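What follows is the content of structure.cif, which has mmCIF, C-alpha atoms and all ligand atoms:
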data_model
#
loop_
_atom_site.group_PDB
_atom_site.id
_atom_site.type_symbol
_atom_site.label_atom_id
_atom_site.label_comp_id
_atom_site.auth_asym_id
_atom_site.auth_seq_id
_atom_site.Cartn_x
_atom_site.Cartn_y
_atom_site.Cartn_z
ATOM 1 C CA MET A 1 0.000 0.000 0.000
ATOM 2 C CA ARG A 2 2.716 2.410 0.984
ATOM 3 C CA ALA A 3 4.720 1.454 -2.100
ATOM 4 C CA GLY A 4 1.628 1.908 -4.253
ATOM 5 C CA MET A 5 0.983 5.368 -2.777
ATOM 6 C CA LEU A 6 4.573 6.335 -3.414
ATOM 7 C CA VAL A 7 4.320 5.239 -7.052
ATOM 8 C CA ALA A 8 1.056 7.166 -7.440
ATOM 9 C CA ALA A 9 2.570 10.230 -5.788
ATOM 10 C CA LEU A 10 5.633 10.059 -8.016
ATOM 11 C CA ALA A 11 3.452 9.646 -11.094
ATOM 12 C CA THR A 12 1.395 12.703 -10.103
ATOM 13 C CA LEU A 13 4.564 14.674 -9.449
ATOM 14 C CA ALA A 14 6.091 13.639 -12.789
ATOM 15 C CA CYS A 15 2.871 14.549 -14.565
ATOM 16 C CA ALA A 16 2.671 17.929 -12.834
ATOM 17 C CA TRP A 17 6.313 18.559 -13.714
ATOM 18 C CA THR A 18 5.713 17.758 -17.411
ATOM 19 C CA VAL A 19 2.631 19.999 -17.536
ATOM 20 C CA ALA A 20 4.433 22.821 -15.737
ATOM 21 C CA SER A 21 7.442 22.723 -18.053
ATOM 22 C CA SER A 22 5.384 22.465 -21.249
ATOM 23 C CA LEU A 23 3.053 25.309 -20.215
ATOM 24 C CA ALA A 24 5.812 27.559 -18.863
ATOM 25 C CA ALA A 25 5.812 30.766 -20.913
ATOM 26 C CA PRO A 26 9.193 31.688 -22.374
ATOM 27 C CA ALA A 27 11.063 33.968 -20.003
ATOM 28 C CA ARG A 28 11.556 36.528 -22.771
ATOM 29 C CA THR A 29 9.654 37.544 -25.887
ATOM 30 C CA ILE A 30 10.787 39.210 -29.086
ATOM 31 C CA ALA A 31 9.109 40.473 -32.259
ATOM 32 C CA ILE A 32 11.048 40.214 -35.528
ATOM 33 C CA THR A 33 10.781 43.208 -37.864
ATOM 34 C CA VAL A 34 12.446 43.209 -41.277
ATOM 35 C CA ASP A 35 13.115 46.452 -43.156
ATOM 36 C CA ASP A 36 13.784 47.484 -46.768
ATOM 37 C CA LEU A 37 11.459 45.026 -48.527
ATOM 38 C CA PRO A 38 11.226 43.568 -51.065
ATOM 39 C CA PHE A 39 14.979 42.893 -50.743
ATOM 40 C CA VAL A 40 18.408 44.473 -50.466
ATOM 41 C CA GLY A 41 20.288 42.492 -53.086
ATOM 42 C CA TYR A 42 23.795 44.023 -53.251
ATOM 43 C CA GLY A 43 24.005 43.027 -56.914
ATOM 44 C CA LEU A 44 22.064 39.751 -56.638
ATOM 45 C CA ALA A 45 19.943 38.950 -59.721
ATOM 46 C CA LEU A 46 16.164 38.580 -59.484
ATOM 47 C CA THR A 47 16.238 34.765 -59.469
ATOM 48 C CA GLY A 48 18.690 34.892 -56.546
ATOM 49 C CA ILE A 49 16.480 37.406 -54.737
ATOM 50 C CA GLN A 50 13.481 35.092 -55.229
ATOM 51 C CA GLU A 51 15.437 32.116 -53.838
ATOM 52 C CA GLU A 52 16.788 34.051 -50.859
ATOM 53 C CA THR A 53 13.334 35.472 -50.047
ATOM 54 C CA ALA A 54 11.880 31.944 -50.110
ATOM 55 C CA LYS A 55 14.680 30.769 -47.805
ATOM 56 C CA LEU A 56 14.109 33.634 -45.342
ATOM 57 C CA LEU A 57 10.348 33.119 -45.307
ATOM 58 C CA SER A 58 10.513 29.345 -44.937
ATOM 59 C CA ALA A 59 12.805 29.721 -41.888
ATOM 60 C CA LEU A 60 10.342 32.176 -40.302
ATOM 61 C CA LYS A 61 7.349 30.028 -41.177
ATOM 62 C CA ARG A 62 8.920 26.744 -40.057
ATOM 63 C CA ASN A 63 9.695 28.326 -36.685
ATOM 64 C CA ARG A 64 6.213 29.905 -36.453
ATOM 65 C CA VAL A 65 7.629 33.413 -36.194
ATOM 66 C CA PRO A 66 5.034 36.135 -36.895
ATOM 67 C CA ALA A 67 7.363 38.696 -38.510
ATOM 68 C CA ILE A 68 6.473 42.010 -40.144
ATOM 69 C CA GLY A 69 8.224 43.372 -43.242
ATOM 70 C CA PHE A 70 8.505 47.098 -43.966
ATOM 71 C CA VAL A 71 8.261 48.021 -47.633
ATOM 72 C CA ASN A 72 10.018 50.663 -49.741
ATOM 73 C CA GLU A 73 7.708 50.700 -52.767
ATOM 74 C CA ASP A 74 10.193 52.620 -54.959
ATOM 75 C CA LYS A 75 12.153 49.350 -54.982
ATOM 76 C CA LEU A 76 9.289 47.686 -56.899
ATOM 77 C CA GLU A 77 9.996 49.904 -59.879
ATOM 78 C CA VAL A 78 12.744 47.861 -61.480
ATOM 79 C CA GLU A 79 12.383 47.961 -65.258
ATOM 80 C CA GLY A 80 10.554 44.888 -66.498
ATOM 81 C CA GLN A 81 10.314 43.455 -62.970
ATOM 82 C CA PHE A 82 7.423 45.295 -61.335
ATOM 83 C CA GLU A 83 5.138 42.247 -61.160
ATOM 84 C CA ALA A 84 7.976 40.007 -59.961
ATOM 85 C CA GLN A 85 8.874 42.509 -57.227
ATOM 86 C CA VAL A 86 5.231 42.747 -56.116
ATOM 87 C CA ALA A 87 5.155 38.916 -56.070
ATOM 88 C CA LEU A 88 7.956 39.011 -53.474
ATOM 89 C CA LEU A 89 5.678 41.051 -51.193
ATOM 90 C CA GLN A 90 2.838 38.635 -51.906
ATOM 91 C CA ALA A 91 5.143 35.809 -50.786
ATOM 92 C CA TRP A 92 5.500 37.508 -47.388
ATOM 93 C CA LEU A 93 1.721 37.597 -46.985
ATOM 94 C CA ASP A 94 1.359 34.014 -48.234
ATOM 95 C CA ALA A 95 3.863 32.939 -45.560
ATOM 96 C CA GLY A 96 1.595 34.523 -42.926
ATOM 97 C CA MET A 97 3.717 37.633 -42.329
ATOM 98 C CA GLU A 98 2.454 41.204 -42.043
ATOM 99 C CA LEU A 99 3.535 44.170 -44.176
ATOM 100 C CA GLY A 100 4.073 47.756 -43.083
ATOM 101 C CA ASN A 101 5.178 51.026 -44.694
ATOM 102 C CA HIS A 102 8.841 52.147 -44.716
ATOM 103 C CA GLY A 103 8.362 55.145 -47.038
ATOM 104 C CA TYR A 104 8.779 55.626 -50.767
ATOM 105 C CA GLY A 105 12.429 56.275 -51.577
ATOM 106 C CA HIS A 106 13.729 55.563 -48.048
ATOM 107 C CA ILE A 107 14.177 59.298 -47.560
ATOM 108 C CA ASP A 108 15.612 60.890 -44.453
ATOM 109 C CA PHE A 109 13.344 63.008 -42.244
ATOM 110 C CA ASN A 110 16.412 64.997 -41.134
ATOM 111 C CA SER A 111 16.987 66.399 -44.627
ATOM 112 C CA THR A 112 13.449 66.422 -46.096
ATOM 113 C CA PRO A 113 10.726 69.052 -45.578
ATOM 114 C CA ARG A 114 7.878 67.492 -43.599
ATOM 115 C CA GLU A 115 5.277 67.861 -46.384
ATOM 116 C CA ARG A 116 7.497 65.932 -48.803
ATOM 117 C CA TYR A 117 8.286 63.359 -46.162
ATOM 118 C CA GLU A 118 4.560 62.830 -45.602
ATOM 119 C CA GLU A 119 3.946 62.454 -49.362
ATOM 120 C CA ALA A 120 6.449 59.568 -49.330
ATOM 121 C CA VAL A 121 4.269 57.749 -46.794
ATOM 122 C CA LEU A 122 1.208 57.905 -49.073
ATOM 123 C CA LYS A 123 3.193 57.222 -52.253
ATOM 124 C CA GLY A 124 4.815 54.277 -50.468
ATOM 125 C CA GLU A 125 1.652 52.363 -49.573
ATOM 126 C CA VAL A 126 -0.114 51.881 -52.935
ATOM 127 C CA ALA A 127 0.850 48.294 -53.851
ATOM 128 C CA THR A 128 1.038 47.164 -50.214
ATOM 129 C CA ARG A 129 -2.454 48.494 -49.515
ATOM 130 C CA ARG A 130 -3.790 46.716 -52.613
ATOM 131 C CA LEU A 131 -2.242 43.373 -51.563
ATOM 132 C CA LEU A 132 -3.476 43.708 -47.986
ATOM 133 C CA ALA A 133 -6.990 44.753 -49.087
ATOM 134 C CA ARG A 134 -7.430 41.400 -50.843
ATOM 135 C CA ARG A 135 -7.140 39.852 -47.377
ATOM 136 C CA GLY A 136 -9.424 42.370 -45.739
ATOM 137 C CA ALA A 137 -6.415 44.022 -44.096
ATOM 138 C CA ARG A 138 -4.587 47.351 -44.412
ATOM 139 C CA PRO A 139 -1.121 48.707 -43.603
ATOM 140 C CA ARG A 140 -1.095 49.612 -39.905
ATOM 141 C CA TYR A 141 2.526 50.312 -39.035
ATOM 142 C CA TYR A 142 5.049 52.847 -40.268
ATOM 143 C CA ARG A 143 8.771 52.544 -39.709
ATOM 144 C CA HIS A 144 10.783 55.720 -40.281
ATOM 145 C CA PRO A 145 13.721 55.206 -42.693
ATOM 146 C CA PHE A 146 16.955 55.226 -40.635
ATOM 147 C CA THR A 147 14.511 55.305 -37.661
ATOM 148 C CA HIS A 148 14.952 59.093 -37.812
ATOM 149 C CA THR A 149 11.763 60.277 -36.133
ATOM 150 C CA GLY A 150 12.121 64.018 -36.751
ATOM 151 C CA PRO A 151 14.854 66.586 -36.236
ATOM 152 C CA THR A 152 12.741 68.866 -34.012
ATOM 153 C CA ARG A 153 10.043 68.338 -31.413
ATOM 154 C CA GLU A 154 7.554 70.165 -33.658
ATOM 155 C CA ALA A 155 8.348 68.135 -36.793
ATOM 156 C CA LYS A 156 8.182 64.886 -34.838
ATOM 157 C CA ALA A 157 4.817 65.712 -33.237
ATOM 158 C CA ALA A 158 3.301 67.006 -36.500
ATOM 159 C CA PHE A 159 4.375 63.906 -38.407
ATOM 160 C CA GLU A 160 3.036 61.581 -35.725
ATOM 161 C CA ALA A 161 -0.305 63.417 -35.939
ATOM 162 C CA PHE A 162 -0.213 62.858 -39.722
ATOM 163 C CA LEU A 163 0.437 59.143 -39.179
ATOM 164 C CA GLY A 164 -2.443 58.946 -36.705
ATOM 165 C CA ALA A 165 -4.786 60.667 -39.163
ATOM 166 C CA HIS A 166 -3.892 57.975 -41.721
ATOM 167 C CA ASP A 167 -4.400 55.105 -39.240
ATOM 168 C CA TYR A 168 -0.717 54.339 -38.900
ATOM 169 C CA ALA A 169 1.117 53.588 -35.683
ATOM 170 C CA VAL A 170 4.885 54.064 -35.360
ATOM 171 C CA ALA A 171 6.772 50.757 -35.348
ATOM 172 C CA PRO A 172 9.445 51.071 -32.663
ATOM 173 C CA PHE A 173 12.462 48.819 -32.241
ATOM 174 C CA THR A 174 14.598 48.038 -29.221
ATOM 175 C CA VAL A 175 17.434 45.902 -30.652
ATOM 176 C CA GLU A 176 19.453 46.437 -33.804
ATOM 177 C CA ASP A 177 22.752 44.839 -34.683
ATOM 178 C CA ALA A 178 24.132 46.680 -37.747
ATOM 179 C CA ASP A 179 23.098 43.660 -39.824
ATOM 180 C CA TYR A 180 23.329 45.834 -42.960
ATOM 181 C CA LEU A 181 27.117 46.135 -42.522
ATOM 182 C CA PHE A 182 27.617 42.402 -42.137
ATOM 183 C CA ALA A 183 25.143 41.839 -45.009
ATOM 184 C CA LYS A 184 27.169 43.982 -47.414
ATOM 185 C CA ALA A 185 30.387 42.159 -46.475
ATOM 186 C CA TYR A 186 28.617 38.781 -46.744
ATOM 187 C CA SER A 187 27.108 39.487 -50.182
ATOM 188 C CA ASP A 188 30.385 40.956 -51.483
ATOM 189 C CA ALA A 189 32.194 37.789 -50.364
ATOM 190 C CA ARG A 190 29.598 35.590 -52.064
ATOM 191 C CA ARG A 191 29.743 37.627 -55.282
ATOM 192 C CA ALA A 192 33.543 37.207 -55.206
ATOM 193 C CA GLY A 193 33.147 33.432 -54.737
ATOM 194 C CA ASN A 194 34.841 33.605 -51.330
ATOM 195 C CA ALA A 195 32.698 31.121 -49.365
ATOM 196 C CA ALA A 196 35.136 30.987 -46.438
ATOM 197 C CA LEU A 197 34.973 34.754 -45.914
ATOM 198 C CA ALA A 198 31.171 34.733 -46.286
ATOM 199 C CA GLU A 199 30.957 32.104 -43.554
ATOM 200 C CA LYS A 200 33.356 34.049 -41.316
ATOM 201 C CA VAL A 201 31.159 37.156 -41.717
ATOM 202 C CA ARG A 202 27.982 35.148 -41.059
ATOM 203 C CA THR A 203 29.397 33.734 -37.813
ATOM 204 C CA ALA A 204 30.617 37.181 -36.723
ATOM 205 C CA TYR A 205 27.111 38.526 -37.392
ATOM 206 C CA LEU A 206 25.495 35.870 -35.192
ATOM 207 C CA ASP A 207 28.005 36.583 -32.413
ATOM 208 C CA HIS A 208 27.480 40.350 -32.687
ATOM 209 C CA GLN A 209 23.717 39.845 -32.539
ATOM 210 C CA ASP A 210 24.188 37.977 -29.243
ATOM 211 C CA THR A 211 26.371 40.828 -27.961
ATOM 212 C CA MET A 212 23.709 43.399 -28.872
ATOM 213 C CA LEU A 213 20.910 41.325 -27.328
ATOM 214 C CA ALA A 214 22.878 41.075 -24.079
ATOM 215 C CA PHE A 215 23.414 44.857 -24.173
ATOM 216 C CA PHE A 216 19.744 45.726 -24.710
ATOM 217 C CA GLU A 217 18.562 43.096 -22.213
ATOM 218 C CA ALA A 218 20.738 44.860 -19.625
ATOM 219 C CA GLU A 219 19.256 48.242 -20.661
ATOM 220 C CA SER A 220 15.759 46.764 -20.216
ATOM 221 C CA ARG A 221 16.564 45.470 -16.737
ATOM 222 C CA ASP A 222 18.191 48.784 -15.808
ATOM 223 C CA LEU A 223 15.105 50.759 -16.868
ATOM 224 C CA PHE A 224 12.266 48.383 -15.960
ATOM 225 C CA ALA A 225 13.861 45.812 -13.607
ATOM 226 C CA ARG A 226 12.643 43.103 -16.020
ATOM 227 C CA ASP A 227 12.898 41.864 -19.576
ATOM 228 C CA VAL A 228 10.394 43.873 -21.612
ATOM 229 C CA PRO A 229 9.347 42.394 -24.980
ATOM 230 C CA GLN A 230 12.180 43.225 -27.384
ATOM 231 C CA ILE A 231 11.671 44.261 -31.017
ATOM 232 C CA LEU A 232 14.510 43.271 -33.330
ATOM 233 C CA LEU A 233 15.183 45.407 -36.420
ATOM 234 C CA ILE A 234 16.927 43.604 -39.281
ATOM 235 C CA HIS A 235 16.824 43.843 -43.072
ATOM 236 C CA ALA A 236 15.660 41.664 -45.970
ATOM 237 C CA ASN A 237 18.972 40.451 -47.349
ATOM 238 C CA GLU A 238 21.010 37.350 -48.181
ATOM 239 C CA LEU A 239 22.710 37.359 -44.801
ATOM 240 C CA ASN A 240 19.463 37.047 -42.869
ATOM 241 C CA ALA A 241 18.171 34.484 -45.393
ATOM 242 C CA GLY A 242 21.297 32.401 -44.812
ATOM 243 C CA ALA A 243 21.413 32.937 -41.051
ATOM 244 C CA MET A 244 17.742 32.995 -40.017
ATOM 245 C CA GLU A 245 17.499 29.395 -38.779
ATOM 246 C CA GLU A 246 20.477 30.027 -36.529
ATOM 247 C CA VAL A 247 19.292 33.513 -35.507
ATOM 248 C CA LEU A 248 16.044 31.943 -34.286
ATOM 249 C CA ALA A 249 17.798 28.991 -32.611
ATOM 250 C CA ARG A 250 20.111 31.368 -30.745
ATOM 251 C CA LEU A 251 17.164 33.529 -29.660
ATOM 252 C CA ARG A 252 15.400 30.426 -28.323
ATOM 253 C CA LYS A 253 18.580 29.532 -26.447
ATOM 254 C CA ARG A 254 18.491 32.983 -24.809
ATOM 255 C CA GLY A 255 14.977 32.148 -23.572
ATOM 256 C CA TYR A 256 12.993 34.012 -26.211
ATOM 257 C CA GLY A 257 9.577 33.129 -27.542
ATOM 258 C CA PHE A 258 8.407 34.853 -30.722
ATOM 259 C CA VAL A 259 5.506 37.295 -30.701
ATOM 260 C CA SER A 260 3.920 39.620 -33.241
ATOM 261 C CA LEU A 261 4.644 43.351 -33.190
ATOM 262 C CA ASP A 262 1.054 43.848 -31.949
ATOM 263 C CA GLU A 263 1.665 41.570 -29.012
ATOM 264 C CA ALA A 264 5.003 43.148 -28.059
ATOM 265 C CA LEU A 265 3.414 46.598 -28.124
ATOM 266 C CA ARG A 266 0.699 45.516 -25.687
ATOM 267 C CA ASP A 267 3.325 45.504 -22.926
ATOM 268 C CA GLU A 268 2.986 48.594 -20.725
ATOM 269 C CA SER A 269 6.653 49.508 -21.261
ATOM 270 C CA TYR A 270 5.628 50.673 -24.747
ATOM 271 C CA ARG A 271 3.382 53.329 -23.183
ATOM 272 C CA SER A 272 6.548 55.001 -21.809
ATOM 273 C CA PRO A 273 7.211 58.424 -23.320
ATOM 274 C CA ASP A 274 9.717 58.549 -26.210
ATOM 275 C CA GLY A 275 11.685 61.523 -24.952
ATOM 276 C CA TYR A 276 14.253 61.570 -27.749
ATOM 277 C CA VAL A 277 14.443 64.402 -30.288
ATOM 278 C CA GLY A 278 17.501 64.534 -32.514
ATOM 279 C CA LYS A 279 19.214 63.370 -35.657
ATOM 280 C CA VAL A 280 20.171 59.778 -34.916
ATOM 281 C CA GLY A 281 17.684 56.936 -34.689
ATOM 282 C CA PRO A 282 18.277 55.240 -31.328
ATOM 283 C CA SER A 283 16.602 52.191 -29.759
ATOM 284 C CA TRP A 284 13.332 52.856 -27.974
ATOM 285 C CA LEU A 285 15.073 51.738 -24.780
ATOM 286 C CA HIS A 286 17.302 54.818 -25.143
ATOM 287 C CA ARG A 287 14.265 56.948 -26.013
ATOM 288 C CA TRP A 288 12.486 55.808 -22.854
ATOM 289 C CA ARG A 289 15.625 56.635 -20.887
ATOM 290 C CA ALA A 290 15.470 60.127 -22.414
ATOM 291 C CA GLY A 291 11.782 60.296 -21.436
ATOM 292 C CA ARG A 292 12.868 59.844 -17.812
ATOM 293 C CA GLY A 293 15.470 62.590 -18.137
ATOM 294 C CA GLY A 294 18.335 60.105 -18.690
ATOM 295 C CA ASP A 295 21.401 60.596 -20.866
ATOM 296 C CA VAL A 296 20.934 59.145 -24.382
ATOM 297 C CA GLN A 297 24.396 60.141 -25.618
ATOM 298 C CA SER A 298 26.164 58.102 -22.949
ATOM 299 C CA ALA A 299 23.772 55.181 -23.573
ATOM 300 C CA LEU A 300 24.670 55.352 -27.290
ATOM 301 C CA ARG A 301 28.386 55.459 -26.452
ATOM 302 C CA ARG A 302 27.977 52.292 -24.378
ATOM 303 C CA GLU A 303 26.554 50.382 -27.368
ATOM 304 C CA PRO A 304 28.983 47.731 -28.628
ATOM 305 C CA ASP A 305 30.405 48.264 -32.147
ATOM 306 C CA PRO A 306 30.720 45.576 -34.834
ATOM 307 C CA PRO A 307 34.232 44.085 -35.123
ATOM 308 C CA PRO A 308 36.652 46.551 -36.825
ATOM 309 C CA TRP A 309 37.578 43.973 -39.501
ATOM 310 C CA VAL A 310 33.944 43.889 -40.659
ATOM 311 C CA MET A 311 33.866 47.694 -40.843
ATOM 312 C CA ARG A 312 37.101 47.632 -42.883
ATOM 313 C CA LEU A 313 35.649 45.034 -45.284
ATOM 314 C CA VAL A 314 32.579 47.199 -45.896
ATOM 315 C CA GLN A 315 34.731 50.284 -46.460
ATOM 316 C CA GLY A 316 36.880 48.308 -48.912
ATOM 317 C CA VAL A 317 39.960 48.899 -46.755
ATOM 318 C CA PRO A 318 42.302 45.883 -46.817
HETATM 319 ZN ZN ZN B 401 15.393 51.017 -43.984
#
Any chance you could give the structure as structure tokens?
Amino acid sequence: MRAGMLVAALATLACAWTVASSLAAPARTIAITVDDLPFVGYGLALTGIQEETAKLLSALKRNRVPAIGFVNEDKLEVEGQFEAQVALLQAWLDAGMELGNHGYGHIDFNSTPRERYEEAVLKGEVATRRLLARRGARPRYYRHPFTHTGPTREAKAAFEAFLGAHDYAVAPFTVEDADYLFAKAYSDARRAGNAALAEKVRTAYLDHQDTMLAFFEAESRDLFARDVPQILLIHANELNAGAMEEVLARLRKRGYGFVSLDEALRDESYRSPDGYVGKVGPSWLHRWRAGRGGDVQSALRREPDPPPWVMRLVQGVP
């Protein structure tokens, strides 16, 4: 009897343990946002761009990651390729991803009069809106090119009112990792047939992403005494197509579960005031620090840099 009770108790305990571990929410969450759609090719031909897009999307889909892509519609206007470029956006929707607006021409708010900058929002949503409408949806998020949110308090506030009037919300980010630098070096190496260098760059990218995640996780804990949902900003390129499975595996290893941008933004941390006004485009963690009267410049100086050898590769310095 006693032995039987013990077995039953152990069985109950084992069962409870299994349920608890399978239901345990991931300790951290992250939303994946991908800029400069349809694709930043660095000289890659259309067929290559189609293959790399399929690779990127299948990695996201296989891992059930609800990513959002931000479109520069001027990039659709490649001579003789308009339909093929639009089909790349369609592929994002078919894979279950969302699309947002990243402005026509990827122009810089710092050097563009506000009226012209606003025109680029409306000019930049035509094809995306048409694709989304077929699914009963519409573009809902805007990501500022270079994440430059306005050079003055007045310009920033006026533009955000314009976005609101057009049913757009600003898409913030908390983590970026200079993926565009690594991506240029990676694509250049591939174009040159240097597979060993491409692989070295890819590994350095994954390591730098870990470094940046650790940095912004520490910023989150410093500001909120917890891990707020992070929003990763990366770009649609060969590097992320080739690295996405490992990017996602490494994020899982850090304790992350994947959420949509909507879900990340539901966290109360995202109601914190963005107190930053200026000409660079810092993480929202830095902007929230500014909103509390903190020092953004010193926070920016603390941010880790990519390895110097990657910078030299991109600059073409031997
Ligand atoms: Zn961009």
- request: Can you work out the spacing between atom CA of Ala171 of chain A and atom CA of Asp207 of chain A in Å, to one decimal?
  value: 25.7 Å
message: I'd like the neighbourhood of segment 212-228 of chain A as a ChimeraX atom specification, where a residue qualifies if any of its atoms comes within 7 Å (using only C-alpha atoms), though same-chain residues fewer than 2 positions away should be ignored.
response: /A:28,175,177,208-210,230,269,285,304
Kindly compute an axis-aligned box around the listed atoms of segment 227-245 of chain A, allowing 3 Å on each side, and express its centre and edge lengths in Å to one decimal as lines of an AutoDock Vina configuration file.
center_x = 16.0
center_y = 37.4
center_z = -33.9
size_x = 19.4
size_y = 22.0
size_z = 34.6
Please check which protein, DNA or RNA residues sit within 7 Å of ligand ZN 401 (chain B), counting all atoms listed in the file, and write them as a short mmCIF file (atom, residue, chain, number, x, y, z; two decimals) with C-alpha atoms, in the frame of the given file.
data_model
loop_
_atom_site.label_atom_id
_atom_site.label_comp_id
_atom_site.auth_asym_id
_atom_site.auth_seq_id
_atom_site.Cartn_x
_atom_site.Cartn_y
_atom_site.Cartn_z
CA ASP A 35 13.12 46.45 -43.16
CA ASP A 36 13.78 47.48 -46.77
CA HIS A 102 8.84 52.15 -44.72
CA HIS A 106 13.73 55.56 -48.05
CA PRO A 145 13.72 55.21 -42.69
CA PHE A 146 16.95 55.23 -40.64
#
query: Could you work out how far atom CA of Ser283 of chain A lies from atom CA of Asp108 of chain A, giving the answer in Å with one decimal?
result: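 So the answer is 17.1 Å.
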Å distance separating atom CA of Pro282 of chain A from atom CA of Val170 of chain A, one decimal place: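 If I compute the distance from atom CA of Pro282 of chain A to atom CA of Val170 of chain A, I get 14.0 Å.
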statement: Shortest contact to Phe82 of chain A, candidates A:Tyr117, A:Gly124, A:Pro38, A:Ala95, atoms counted all atoms listed in the file, goes to A:Pro38
Counting all atoms listed in the file, the option among A:Asp179, A:Asp74, A:Glu52, A:Glu118 closest to Ile234 of chain A: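 For Ile234 of chain A, the nearest of the given residues is A:Asp179.
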query: For Asp274 of chain A, which residue out of A:Asn240, A:Thr149, A:Thr203, A:Gln90 is the nearest one, using all atoms listed in the file?
result: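 Residue with the minimum atom-to-atom distance to Asp274 of chain A: A:Thr149.
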Could you expand the PyMOL selection byres (((chain A and resi 261) around 9) and not hetatm) into the explicit residues it covers here, written as a short mmCIF file (atom, residue, chain, number, x, y, z; two decimals) with C-alpha atoms, keeping the file's coordinate frame?
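Once everything was written out, this is selection_37.cif:
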data_model
loop_
_atom_site.label_atom_id
_atom_site.label_comp_id
_atom_site.auth_asym_id
_atom_site.auth_seq_id
_atom_site.Cartn_x
_atom_site.Cartn_y
_atom_site.Cartn_z
CA ILE A 30 10.79 39.21 -29.09
CA ALA A 31 9.11 40.47 -32.26
CA ILE A 32 11.05 40.21 -35.53
CA THR A 33 10.78 43.21 -37.86
CA PRO A 66 5.03 36.14 -36.90
CA ALA A 67 7.36 38.70 -38.51
CA ILE A 68 6.47 42.01 -40.14
CA ALA A 171 6.77 50.76 -35.35
CA ILE A 231 11.67 44.26 -31.02
CA VAL A 259 5.51 37.30 -30.70
CA SER A 260 3.92 39.62 -33.24
CA ASP A 262 1.05 43.85 -31.95
CA GLU A 263 1.66 41.57 -29.01
CA ALA A 264 5.00 43.15 -28.06
CA LEU A 265 3.41 46.60 -28.12
CA ARG A 266 0.70 45.52 -25.69
#
query: What would the list of residues within 9 Å of (7.0, 65.8, -43.0) (file frame) look like as a VMD selection string, if all atoms listed in the file are what count?
result: chain A and resid 109 112 to 120 150 155 to 156 158 to 159 162
query: Given the choices A:Leu248, A:Leu239, A:Leu131, A:Val310, which gets closest to Arg190 of chain A if the distance is worked out from only C-alpha atoms?
result: A:Leu239
task: Taking the file above as input, evaluate the PyMOL selection byres (((chain A and resi 98) around 8) and not hetatm) and report the hits as a PyMOL selection string.
output: chain A and resi 66-69+92-93+96-97+99-100
task: Convert the output of the PyMOL selection byres (((chain A and resi 44-47) around 9) and not hetatm) on the shown file into explicit residues, formatted as a list in words.
output: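 Residues picked by the PyMOL selection byres (((chain A and resi 44-47) around 9) and not hetatm): Val40, Gly41, Tyr42, Gly43, Gly48, Ile49, Gln50, Glu51, Glu52, Gln81, Ala84, Gln85, Ser187, Arg191 and Glu238 of chain A.
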Saved selection, atoms kept: C-alpha atoms, as an mmCIF file, in the coordinates of the input:
data_model
loop_
_atom_site.group_PDB
_atom_site.id
_atom_site.type_symbol
_atom_site.label_atom_id
_atom_site.label_comp_id
_atom_site.auth_asym_id
_atom_site.auth_seq_id
_atom_site.Cartn_x
_atom_site.Cartn_y
_atom_site.Cartn_z
ATOM 1 C CA VAL A 40 18.408 44.473 -50.466
ATOM 2 C CA GLY A 41 20.288 42.492 -53.086
ATOM 3 C CA TYR A 42 23.795 44.023 -53.251
ATOM 4 C CA GLY A 43 24.005 43.027 -56.914
ATOM 5 C CA GLY A 48 18.690 34.892 -56.546
ATOM 6 C CA ILE A 49 16.480 37.406 -54.737
ATOM 7 C CA GLN A 50 13.481 35.092 -55.229
ATOM 8 C CA GLU A 51 15.437 32.116 -53.838
ATOM 9 C CA GLU A 52 16.788 34.051 -50.859
ATOM 10 C CA GLN A 81 10.314 43.455 -62.970
ATOM 11 C CA ALA A 84 7.976 40.007 -59.961
ATOM 12 C CA GLN A 85 8.874 42.509 -57.227
ATOM 13 C CA SER A 187 27.108 39.487 -50.182
ATOM 14 C CA ARG A 191 29.743 37.627 -55.282
ATOM 15 C CA GLU A 238 21.010 37.350 -48.181
#
- request: Rank A:Val71, A:Val65, A:Val247, A:Ala127 by their smallest atom-to-atom distance to Tyr205 of chain A, using only C-alpha atoms, and report the top residue only.
  value: A:Val247
query: For Val280 of chain A, which residue among A:Ala236, A:Lys184, A:Ala87, A:Thr147 is the nearest when counting only C-alpha atoms?
result: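 The answer is A:Thr147, which sits nearest to Val280 of chain A.
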message: When you look at Tyr256 of chain A with a cut-off of 9 Å (counting all atoms listed in the file), what residues show up, excluding the ones that are within fewer than 2 positions of it in the same chain? I need them as JSON, numbers by chain.
response: {"A": [26, 27, 28, 29, 30, 248, 250, 251, 252, 253, 254, 258]}
- request: Anything within 7 Å of (8.8, 44.8, -54.6): list those residues as a list in words, counting all atoms listed in the file and sticking to the file's coordinates.
  value: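 The distance filter leaves exactly Leu37, Pro38, Glu73, Lys75, Leu76, Phe82, Gln85, Val86, Leu88 and Leu89 of chain A.
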